[in-house]
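**Q** Supplied structure: upload.txt, compact mmCIF, C-alpha atoms.
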```
# COMPACT_ATOMS: atom_id res chain seq x y z
CA MET A 1 -35.64 -30.70 4.95
CA SER A 2 -36.01 -29.15 1.52
CA SER A 3 -39.44 -28.82 -0.08
CA PRO A 4 -40.38 -31.30 -2.84
CA THR A 5 -40.01 -28.55 -5.47
CA GLU A 6 -36.60 -27.33 -4.21
CA GLN A 7 -33.85 -28.30 -6.63
CA PRO A 8 -30.63 -29.70 -5.16
CA ALA A 9 -27.76 -27.25 -4.81
CA ARG A 10 -25.34 -26.88 -7.72
CA THR A 11 -21.68 -26.70 -6.76
CA LEU A 12 -18.98 -24.70 -8.55
CA GLN A 13 -15.33 -24.84 -7.60
CA ALA A 14 -12.35 -22.95 -8.93
CA SER A 15 -8.70 -22.32 -8.20
CA LEU A 16 -8.03 -18.82 -9.50
CA PRO A 17 -4.67 -17.17 -10.19
CA SER A 18 -3.73 -14.11 -8.17
CA SER A 19 -4.48 -11.72 -11.01
CA LEU A 20 -7.06 -8.94 -10.79
CA SER A 21 -7.88 -9.47 -14.46
CA ASP A 22 -8.54 -13.22 -14.46
CA TYR A 23 -11.54 -13.92 -12.23
CA HIS A 24 -14.48 -12.20 -13.94
CA ALA A 25 -15.35 -15.19 -16.16
CA PHE A 26 -15.87 -17.24 -13.00
CA ILE A 27 -18.24 -14.60 -11.57
CA GLU A 28 -20.18 -14.54 -14.84
CA SER A 29 -20.59 -18.34 -14.75
CA VAL A 30 -21.99 -18.17 -11.21
CA LEU A 31 -24.42 -15.41 -12.18
CA GLU A 32 -25.55 -17.30 -15.30
CA GLN A 33 -26.37 -20.36 -13.20
CA LEU A 34 -28.23 -18.32 -10.59
CA GLU A 35 -30.23 -16.68 -13.37
CA GLU A 36 -31.13 -20.15 -14.65
CA LEU A 37 -32.31 -20.95 -11.13
CA GLY A 38 -34.65 -17.95 -11.23
CA TRP A 39 -32.65 -15.32 -9.34
CA GLN A 40 -33.78 -11.76 -10.01
CA ARG A 41 -31.74 -8.75 -11.13
CA SER A 42 -31.34 -7.05 -7.73
CA ASP A 43 -30.23 -10.30 -6.06
CA LEU A 44 -27.79 -11.01 -8.90
CA PHE A 45 -26.36 -7.51 -8.35
CA ALA A 46 -25.85 -8.40 -4.69
CA VAL A 47 -24.07 -11.67 -5.51
CA ARG A 48 -21.89 -9.93 -8.12
CA MET A 49 -20.85 -7.35 -5.53
CA ALA A 50 -20.04 -9.98 -2.90
CA LEU A 51 -17.98 -12.07 -5.34
CA GLU A 52 -16.22 -9.06 -6.85
CA GLU A 53 -15.19 -7.66 -3.47
CA SER A 54 -14.27 -10.98 -1.82
CA ILE A 55 -12.17 -12.29 -4.71
CA SER A 56 -10.41 -8.99 -5.38
CA ASN A 57 -9.65 -8.65 -1.64
CA ALA A 58 -8.22 -12.20 -1.57
CA ILE A 59 -5.99 -11.44 -4.58
CA ARG A 60 -4.97 -7.90 -3.61
CA HIS A 61 -4.71 -8.03 0.19
CA GLY A 62 -4.48 -11.78 0.88
CA ASN A 63 -2.15 -13.08 -1.80
CA LYS A 64 -0.71 -9.62 -2.58
CA GLU A 65 -0.98 -10.53 -6.28
CA ASP A 66 1.77 -13.14 -5.85
CA PRO A 67 1.60 -15.31 -9.02
CA ALA A 68 2.75 -18.34 -6.97
CA LYS A 69 -0.42 -18.19 -4.86
CA ARG A 70 -4.00 -19.16 -5.73
CA VAL A 71 -7.48 -18.29 -4.51
CA ALA A 72 -9.73 -21.30 -3.87
CA ILE A 73 -13.47 -20.78 -4.33
CA GLU A 74 -16.43 -23.02 -3.75
CA CYS A 75 -20.02 -21.95 -4.43
CA LYS A 76 -23.28 -23.75 -3.72
CA LEU A 77 -26.29 -22.46 -5.60
CA SER A 78 -29.99 -23.18 -5.31
CA PRO A 79 -33.18 -21.29 -6.18
CA SER A 80 -33.25 -19.73 -2.71
CA ARG A 81 -29.67 -19.81 -1.44
CA PHE A 82 -26.20 -18.69 -2.50
CA TRP A 83 -23.24 -19.90 -0.44
CA VAL A 84 -19.58 -19.17 -1.14
CA GLN A 85 -16.23 -19.80 0.51
CA VAL A 86 -13.17 -17.84 -0.64
CA THR A 87 -9.76 -18.91 0.67
CA ASP A 88 -6.45 -17.20 -0.07
CA GLU A 89 -2.89 -18.17 0.81
CA GLY A 90 -2.10 -15.01 2.74
CA ALA A 91 -1.42 -14.49 6.44
CA GLY A 92 -4.99 -13.32 7.08
CA PHE A 93 -6.20 -10.23 8.92
CA GLU A 94 -8.42 -9.12 11.77
CA PRO A 95 -11.77 -8.00 10.28
CA SER A 96 -12.78 -6.12 13.43
CA ALA A 97 -9.68 -3.91 13.02
CA VAL A 98 -10.92 -2.57 9.66
CA PRO A 99 -12.15 1.00 10.22
CA ASP A 100 -15.80 1.79 9.43
CA CYS A 101 -15.72 3.49 6.03
CA ARG A 102 -19.11 5.11 6.75
CA CYS A 103 -17.76 7.39 9.51
CA ALA A 104 -17.71 11.06 8.56
CA ASP A 105 -13.94 11.32 9.04
CA ARG A 106 -13.32 8.40 6.66
CA LEU A 107 -15.69 9.27 3.81
CA GLU A 108 -12.86 10.73 1.74
CA VAL A 109 -10.54 7.74 2.23
CA PRO A 110 -10.44 5.97 -1.17
CA GLY A 111 -10.24 2.34 0.08
CA GLY A 112 -11.80 0.06 2.67
CA ARG A 113 -15.39 -0.30 1.42
CA GLY A 114 -15.41 -3.93 0.29
CA LEU A 115 -16.22 -5.49 3.66
CA THR A 116 -19.04 -3.01 4.32
CA LEU A 117 -20.57 -3.80 0.92
CA MET A 118 -20.34 -7.58 1.41
CA LYS A 119 -22.03 -7.34 4.82
CA ALA A 120 -24.80 -5.18 3.37
CA TYR A 121 -25.57 -7.47 0.44
CA MET A 122 -25.19 -10.89 2.08
CA THR A 123 -27.29 -12.56 4.80
CA SER A 124 -24.16 -13.67 6.65
CA VAL A 125 -20.42 -12.94 6.33
CA ARG A 126 -17.83 -14.65 8.51
CA TYR A 127 -14.07 -15.18 8.49
CA ASN A 128 -12.08 -18.05 9.95
CA ALA A 129 -9.86 -17.40 12.97
CA CYS A 130 -6.84 -16.16 11.02
CA GLY A 131 -8.86 -14.24 8.44
CA ASN A 132 -7.78 -15.89 5.18
CA CYS A 133 -11.00 -17.81 4.59
CA LEU A 134 -14.30 -16.00 4.07
CA THR A 135 -17.69 -17.71 4.06
CA MET A 136 -20.78 -15.82 2.91
CA GLU A 137 -24.38 -16.74 2.35
CA LYS A 138 -27.41 -15.06 0.85
CA VAL A 139 -30.77 -16.61 1.59
CA LEU A 140 -33.78 -15.31 -0.30
CA PRO A 141 -37.01 -14.83 1.62
CA ALA A 142 -39.66 -17.47 1.00
CA PRO A 143 -42.18 -16.33 -1.63
CA SER A 144 -45.33 -14.95 -0.02
CA GLY A 145 -48.67 -16.64 -0.50
CA MET B 146 -5.83 15.93 -24.23
CA ALA B 147 -5.49 12.50 -25.86
CA THR B 148 -8.73 10.86 -26.99
CA PRO B 149 -10.30 9.44 -23.84
CA GLN B 150 -10.80 5.67 -23.87
CA ARG B 151 -13.11 5.32 -20.91
CA LEU B 152 -15.09 8.53 -20.94
CA GLN B 153 -17.28 10.40 -23.39
CA ILE B 154 -16.76 14.09 -22.71
CA ASN B 155 -19.01 16.89 -23.92
CA GLU B 156 -18.54 20.58 -23.26
CA SER B 157 -21.62 22.79 -23.12
CA ALA B 158 -21.67 26.42 -21.94
CA SER B 159 -18.61 25.94 -19.71
CA ILE B 160 -20.08 22.80 -18.19
CA THR B 161 -18.32 19.48 -18.81
CA VAL B 162 -20.70 16.52 -19.09
CA ILE B 163 -19.12 13.09 -18.81
CA HIS B 164 -20.61 9.69 -19.69
CA PHE B 165 -18.87 6.41 -18.85
CA LYS B 166 -18.22 4.10 -21.80
CA ASP B 167 -18.02 0.96 -19.63
CA GLN B 168 -21.23 -0.59 -18.35
CA LYS B 169 -19.37 -2.50 -15.66
CA ILE B 170 -16.52 -0.61 -14.01
CA ILE B 171 -14.54 -3.48 -12.50
CA ASP B 172 -11.39 -4.14 -14.50
CA PRO B 173 -8.32 -2.70 -12.72
CA VAL B 174 -6.74 -1.39 -15.92
CA ALA B 175 -10.01 0.27 -16.96
CA ILE B 176 -10.40 1.83 -13.49
CA GLN B 177 -6.84 3.15 -13.61
CA GLU B 178 -7.38 4.67 -17.07
CA LEU B 179 -10.77 6.07 -16.14
CA GLY B 180 -9.29 7.67 -13.03
CA GLN B 181 -6.46 9.29 -14.98
CA GLU B 182 -8.88 10.65 -17.60
CA LEU B 183 -10.98 12.18 -14.82
CA PHE B 184 -7.97 13.58 -12.99
CA ASP B 185 -6.67 15.22 -16.18
CA LEU B 186 -9.92 17.17 -16.49
CA VAL B 187 -9.28 19.07 -13.29
CA GLU B 188 -5.48 18.95 -13.06
CA LYS B 189 -4.55 19.69 -16.67
CA GLU B 190 -7.65 21.24 -18.21
CA ASP B 191 -8.93 23.17 -15.21
CA ARG B 192 -12.59 22.27 -15.79
CA LYS B 193 -14.65 23.94 -13.06
CA LYS B 194 -18.20 22.61 -13.60
CA ILE B 195 -18.48 18.88 -14.08
CA VAL B 196 -21.44 16.51 -14.44
CA LEU B 197 -20.79 12.77 -14.17
CA ASN B 198 -23.66 10.94 -15.87
CA PHE B 199 -24.03 7.30 -14.71
CA ALA B 200 -26.83 6.36 -17.14
CA ASN B 201 -24.65 3.74 -18.81
CA VAL B 202 -23.28 2.22 -15.60
CA GLU B 203 -24.75 -1.11 -14.47
CA PHE B 204 -22.15 -2.07 -11.89
CA LEU B 205 -19.09 -0.63 -10.19
CA SER B 206 -16.69 -2.07 -7.63
CA SER B 207 -15.32 -0.48 -4.48
CA ALA B 208 -12.08 0.13 -6.40
CA ALA B 209 -14.07 2.31 -8.82
CA LEU B 210 -15.63 4.14 -5.87
CA GLY B 211 -12.11 4.82 -4.64
CA LYS B 212 -11.21 6.56 -7.91
CA LEU B 213 -14.38 8.66 -7.74
CA ILE B 214 -13.51 9.71 -4.19
CA THR B 215 -9.99 10.73 -5.24
CA PHE B 216 -11.48 12.64 -8.18
CA GLU B 217 -13.90 14.44 -5.84
CA LYS B 218 -10.98 15.51 -3.65
CA LYS B 219 -8.97 16.76 -6.62
CA ALA B 220 -11.98 18.66 -7.96
CA LYS B 221 -12.62 20.24 -4.57
CA ARG B 222 -8.95 21.25 -4.32
CA ILE B 223 -9.18 23.42 -7.46
CA GLY B 224 -12.64 24.74 -6.58
CA ALA B 225 -14.51 22.73 -9.21
CA GLU B 226 -18.16 21.82 -8.77
CA LEU B 227 -19.02 18.16 -9.31
CA ILE B 228 -22.50 16.63 -9.64
CA LEU B 229 -23.40 12.97 -10.21
CA THR B 230 -26.57 12.18 -12.17
CA ASN B 231 -28.71 9.40 -13.68
CA ILE B 232 -27.68 6.84 -11.08
CA SER B 233 -29.70 3.60 -11.25
CA PRO B 234 -31.40 2.38 -8.05
CA GLU B 235 -28.87 -0.46 -7.69
CA ILE B 236 -25.87 1.86 -8.03
CA TYR B 237 -27.47 4.45 -5.76
CA GLN B 238 -27.79 1.77 -3.11
CA VAL B 239 -24.01 1.25 -3.27
CA PHE B 240 -23.50 4.96 -2.59
CA ALA B 241 -26.06 4.86 0.24
CA ILE B 242 -24.59 1.76 1.93
CA THR B 243 -21.16 3.40 2.04
CA ASN B 244 -22.54 6.85 2.98
CA LEU B 245 -21.04 8.29 -0.19
CA ASP B 246 -24.44 9.83 -0.94
CA LYS B 247 -23.38 12.31 1.76
CA LEU B 248 -19.99 13.03 0.16
CA PHE B 249 -21.17 13.53 -3.44
CA LYS B 250 -23.77 15.96 -4.73
CA ILE B 251 -26.28 13.77 -6.58
CA LYS B 252 -29.15 14.83 -8.86
CA ASP B 253 -31.74 12.71 -10.65
CA SER B 254 -30.99 13.96 -14.17
CA GLU B 255 -28.46 15.86 -16.23
CA ALA B 256 -31.02 18.66 -16.63
CA ASP B 257 -31.34 18.97 -12.84
CA ALA B 258 -27.55 19.28 -12.57
CA LEU B 259 -27.25 21.83 -15.38
CA ALA B 260 -29.93 23.92 -13.69
CA VAL B 261 -27.86 24.43 -10.55
CA LEU B 262 -24.37 24.76 -12.04
```
Kindly present the structure from the file in structure tokens form.

**A**
Amino acid sequence: MSSPTEQPARTLQASLPSSLSDYHAFIESVLEQLEELGWQRSDLFAVRMALEESISNAIRHGNKEDPAKRVAIECKLSPSRFWVQVTDEGAGFEPSAVPDCRCADRLEVPGGRGLTLMKAYMTSVRYNACGNCLTMEKVLPAPSG
Amino acid sequence: MATPQRLQINESASITVIHFKDQKIIDPVAIQELGQELFDLVEKEDRKKIVLNFANVEFLSSAALGKLITFEKKAKRIGAELILTNISPEIYQVFAITNLDKLFKIKDSEADALAVL
């Protein structure tokens, strides 16, 4: 049960084209709303990173920038919680098969860091069975005192 | 070299100091242009001592990190020294999460970098 002072979640939905240049306005609108809800700079950085990496992955790797395909996004925002689901129209992938970019022998490989960054910045990151739908959540710790 | 669109480049006592013009390095076209401007410094202009100053950078995506990694490899290939400086705590965390703080030489300030080059 939410506390009496907790505001109800705001919901944002979008169907974005598969273009790497056309999704940043949506990210800015999410960040503006979180800022209105009192989110601080470092947490906004974390949400920006998660949205940037998840949407660009969906466009680049999921939909392969096919203009006939879309990326569906739903966000739920509250003063203490950010939830997002990003769904592409691709065939999906197996997240556990993505090599760990942090290994010494992969440090000089230019790609493959998005998933590591999302996991680091979000409280939870999970894919559906086929790997074309990503759900992430960031829950802020309760204020002390 | 054509006038760079994404970088501000200063040459001082054989050391090339580079500032990024973009505060957020996320747009794919900007990242492509930025990468090419960096690559030209080592591949066409043979710069051997390079400081990348991140003071202006508020955010960068993993695609931007990829360009920096390719630039580091190209610089290493020609024997150039590369030092990153003035990285904000948020951006430094990105490097630390991905272990890239172990790949790149990082100093707090431009002065610290100039002192060792």

**Q** Counting all atoms listed in the file, which residues from chain B have an atom at most 12 Å from any atom of chain A, and could you show them as a ChimeraX atom specification?

**A** /B:169-176,203-219,221,233-236,238-249

**Q** Could you state the separation of atom CA of Asn155 of chain B and atom CA of Tyr237 of chain B in Å, given to one decimal place?

**A**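 Interatomic distance here is 23.6 Å.
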
**Q** Rounded to one decimal in Å, what is the spacing between atom CA of Thr11 of chain A and atom CA of Phe82 of chain A?

**A**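 Computed distance, atom CA of Thr11 of chain A to atom CA of Phe82 of chain A, equals 10.1 Å.
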
**Q** One number please: atom CA of Gln177 of chain B to atom CA of Glu190 of chain B, in Å, one decimal.

**A** 18.7 Å

**Q** For Gln153 of chain B, which residue among B:Lys193, B:Asp185, B:Asn198, B:Lys250 is the nearest when counting all atoms listed in the file?

**A**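 Counting all atoms listed in the file, the residue closest to Gln153 of chain B is B:Asn198.
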
**Q** With all atoms listed in the file as the counted atoms, please give the residues lying no more than 12 Å from Lys69 of chain A, apart from itself and same-chain residues fewer than 3 positions off, as a list in words.

**A**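 Counting all atoms listed in the file, the residues come to Ser15, Leu16, Pro17, Ser18, Ser19, Ala58, Ile59, Arg60, Gly62, Asn63, Lys64, Glu65, Asp66, Ala72, Thr87, Asp88, Glu89, Gly90 and Ala91 of chain A.
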
**Q** Residues of the last selection are to be written out with C-alpha atoms, as a short mmCIF file (atom, residue, chain, number, x, y, z; two decimals), in the coordinates of the input.

**A**
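This is the output file part.cif:
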```
data_model
loop_
_atom_site.label_atom_id
_atom_site.label_comp_id
_atom_site.auth_asym_id
_atom_site.auth_seq_id
_atom_site.Cartn_x
_atom_site.Cartn_y
_atom_site.Cartn_z
CA SER A 15 -8.70 -22.32 -8.20
CA LEU A 16 -8.03 -18.82 -9.50
CA PRO A 17 -4.67 -17.17 -10.19
CA SER A 18 -3.73 -14.11 -8.17
CA SER A 19 -4.48 -11.72 -11.01
CA ALA A 58 -8.22 -12.20 -1.57
CA ILE A 59 -5.99 -11.44 -4.58
CA ARG A 60 -4.97 -7.90 -3.61
CA GLY A 62 -4.48 -11.78 0.88
CA ASN A 63 -2.15 -13.08 -1.80
CA LYS A 64 -0.71 -9.62 -2.58
CA GLU A 65 -0.98 -10.53 -6.28
CA ASP A 66 1.77 -13.14 -5.85
CA ALA A 72 -9.73 -21.30 -3.87
CA THR A 87 -9.76 -18.91 0.67
CA ASP A 88 -6.45 -17.20 -0.07
CA GLU A 89 -2.89 -18.17 0.81
CA GLY A 90 -2.10 -15.01 2.74
CA ALA A 91 -1.42 -14.49 6.44
#
```

**Q** Can you list, as an MDAnalysis selection string, every protein, DNA or RNA residue that comes within 7 Å of His164 of chain B when you count all atoms listed in the file, leaving out same-chain residues fewer than 2 positions away?

**A** chainID B and resid 152:154 162 166 197:199

**Q** Those same residues, written as an mmCIF file, in the coordinates of the input with C-alpha atoms?

**A**
```cif
data_model
loop_
_atom_site.group_PDB
_atom_site.id
_atom_site.type_symbol
_atom_site.label_atom_id
_atom_site.label_comp_id
_atom_site.auth_asym_id
_atom_site.auth_seq_id
_atom_site.Cartn_x
_atom_site.Cartn_y
_atom_site.Cartn_z
ATOM 1 C CA LEU B 152 -15.090 8.530 -20.940
ATOM 2 C CA GLN B 153 -17.280 10.400 -23.390
ATOM 3 C CA ILE B 154 -16.760 14.090 -22.710
ATOM 4 C CA VAL B 162 -20.700 16.520 -19.090
ATOM 5 C CA LYS B 166 -18.220 4.100 -21.800
ATOM 6 C CA LEU B 197 -20.790 12.770 -14.170
ATOM 7 C CA ASN B 198 -23.660 10.940 -15.870
ATOM 8 C CA PHE B 199 -24.030 7.300 -14.710
#
```

**Q** Which protein, DNA or RNA residues are at most 12 Å from (-32.5, -11.6, 5.1) in the file's coordinates when you count only C-alpha atoms, listed as a ChimeraX atom specification?

**A** /A:43,80-81,119-124,137-142

**Q** Kindly extract all protein, DNA and RNA residues lying within 12 Å of the coordinates (-10.7, -18.5, 12.2) given in the file, considering all atoms listed in the file, and supply them as number ranges by chain.

**A** A: 87, 91-95, 126-135

**Q** Give me the residues near Ile73 of chain A as a ChimeraX atom specification, where near means some atom within 6 Å (using all atoms listed in the file) and where sequence neighbours in that chain fewer than 4 positions away do not count.

**A** /A:13-14,85-86

**Q** How would segment 104-127 of chain A read, as an mmCIF file, in the frame of the given file, once N, CA and C atoms are built in?

**A**
```cif
data_model
loop_
_atom_site.group_PDB
_atom_site.id
_atom_site.type_symbol
_atom_site.label_atom_id
_atom_site.label_comp_id
_atom_site.auth_asym_id
_atom_site.auth_seq_id
_atom_site.Cartn_x
_atom_site.Cartn_y
_atom_site.Cartn_z
ATOM 1 N N ALA A 104 -17.897 9.778 9.267
ATOM 2 C CA ALA A 104 -17.710 11.060 8.560
ATOM 3 C C ALA A 104 -16.235 11.339 8.289
ATOM 4 N N ASP A 105 -15.359 10.995 9.232
ATOM 5 C CA ASP A 105 -13.940 11.320 9.040
ATOM 6 C C ASP A 105 -13.230 10.347 8.103
ATOM 7 N N ARG A 106 -13.947 9.341 7.593
ATOM 8 C CA ARG A 106 -13.320 8.400 6.660
ATOM 9 C C ARG A 106 -13.981 8.401 5.279
ATOM 10 N N LEU A 107 -14.966 9.273 5.083
ATOM 11 C CA LEU A 107 -15.690 9.270 3.810
ATOM 12 C C LEU A 107 -14.780 9.557 2.630
ATOM 13 N N GLU A 108 -13.736 10.346 2.859
ATOM 14 C CA GLU A 108 -12.860 10.730 1.740
ATOM 15 C C GLU A 108 -11.648 9.798 1.600
ATOM 16 N N VAL A 109 -11.613 8.714 2.393
ATOM 17 C CA VAL A 109 -10.540 7.740 2.230
ATOM 18 C C VAL A 109 -10.912 6.814 1.061
ATOM 19 N N PRO A 110 -10.036 6.690 0.042
ATOM 20 C CA PRO A 110 -10.440 5.970 -1.170
ATOM 21 C C PRO A 110 -10.734 4.485 -0.973
ATOM 22 N N GLY A 111 -10.068 3.788 -0.032
ATOM 23 C CA GLY A 111 -10.240 2.340 0.080
ATOM 24 C C GLY A 111 -11.070 1.925 1.286
ATOM 25 N N GLY A 112 -11.202 0.592 1.455
ATOM 26 C CA GLY A 112 -11.800 0.060 2.670
ATOM 27 C C GLY A 112 -13.305 -0.077 2.667
ATOM 28 N N ARG A 113 -13.922 -0.198 1.469
ATOM 29 C CA ARG A 113 -15.390 -0.300 1.420
ATOM 30 C C ARG A 113 -15.895 -1.715 1.106
ATOM 31 N N GLY A 114 -14.990 -2.603 0.716
ATOM 32 C CA GLY A 114 -15.410 -3.930 0.290
ATOM 33 C C GLY A 114 -16.150 -4.706 1.366
ATOM 34 N N LEU A 115 -15.604 -4.724 2.571
ATOM 35 C CA LEU A 115 -16.220 -5.490 3.660
ATOM 36 C C LEU A 115 -17.599 -4.942 4.004
ATOM 37 N N THR A 116 -17.733 -3.629 4.035
ATOM 38 C CA THR A 116 -19.040 -3.010 4.320
ATOM 39 C C THR A 116 -20.066 -3.417 3.262
ATOM 40 N N LEU A 117 -19.645 -3.430 1.995
ATOM 41 C CA LEU A 117 -20.570 -3.800 0.920
ATOM 42 C C LEU A 117 -20.968 -5.272 1.017
ATOM 43 N N MET A 118 -20.004 -6.147 1.295
ATOM 44 C CA MET A 118 -20.340 -7.580 1.410
ATOM 45 C C MET A 118 -21.336 -7.808 2.539
ATOM 46 N N LYS A 119 -21.119 -7.162 3.676
ATOM 47 C CA LYS A 119 -22.030 -7.340 4.820
ATOM 48 C C LYS A 119 -23.430 -6.828 4.482
ATOM 49 N N ALA A 120 -23.493 -5.754 3.702
ATOM 50 C CA ALA A 120 -24.800 -5.180 3.370
ATOM 51 C C ALA A 120 -25.582 -6.066 2.402
ATOM 52 N N TYR A 121 -24.877 -6.722 1.491
ATOM 53 C CA TYR A 121 -25.570 -7.470 0.440
ATOM 54 C C TYR A 121 -25.794 -8.946 0.778
ATOM 55 N N MET A 122 -25.057 -9.473 1.754
ATOM 56 C CA MET A 122 -25.190 -10.890 2.080
ATOM 57 C C MET A 122 -25.982 -11.072 3.392
ATOM 58 N N THR A 123 -26.570 -12.245 3.566
ATOM 59 C CA THR A 123 -27.290 -12.560 4.800
ATOM 60 C C THR A 123 -26.299 -12.802 5.940
ATOM 61 N N SER A 124 -25.198 -13.476 5.635
ATOM 62 C CA SER A 124 -24.160 -13.670 6.650
ATOM 63 C C SER A 124 -22.780 -13.595 6.005
ATOM 64 N N VAL A 125 -21.825 -13.079 6.774
ATOM 65 C CA VAL A 125 -20.420 -12.940 6.330
ATOM 66 C C VAL A 125 -19.550 -13.302 7.528
ATOM 67 N N ARG A 126 -18.712 -14.309 7.387
ATOM 68 C CA ARG A 126 -17.830 -14.650 8.510
ATOM 69 C C ARG A 126 -16.453 -15.119 8.007
ATOM 70 N N TYR A 127 -15.442 -14.766 8.790
ATOM 71 C CA TYR A 127 -14.070 -15.180 8.490
ATOM 72 C C TYR A 127 -13.642 -16.282 9.442
#
```
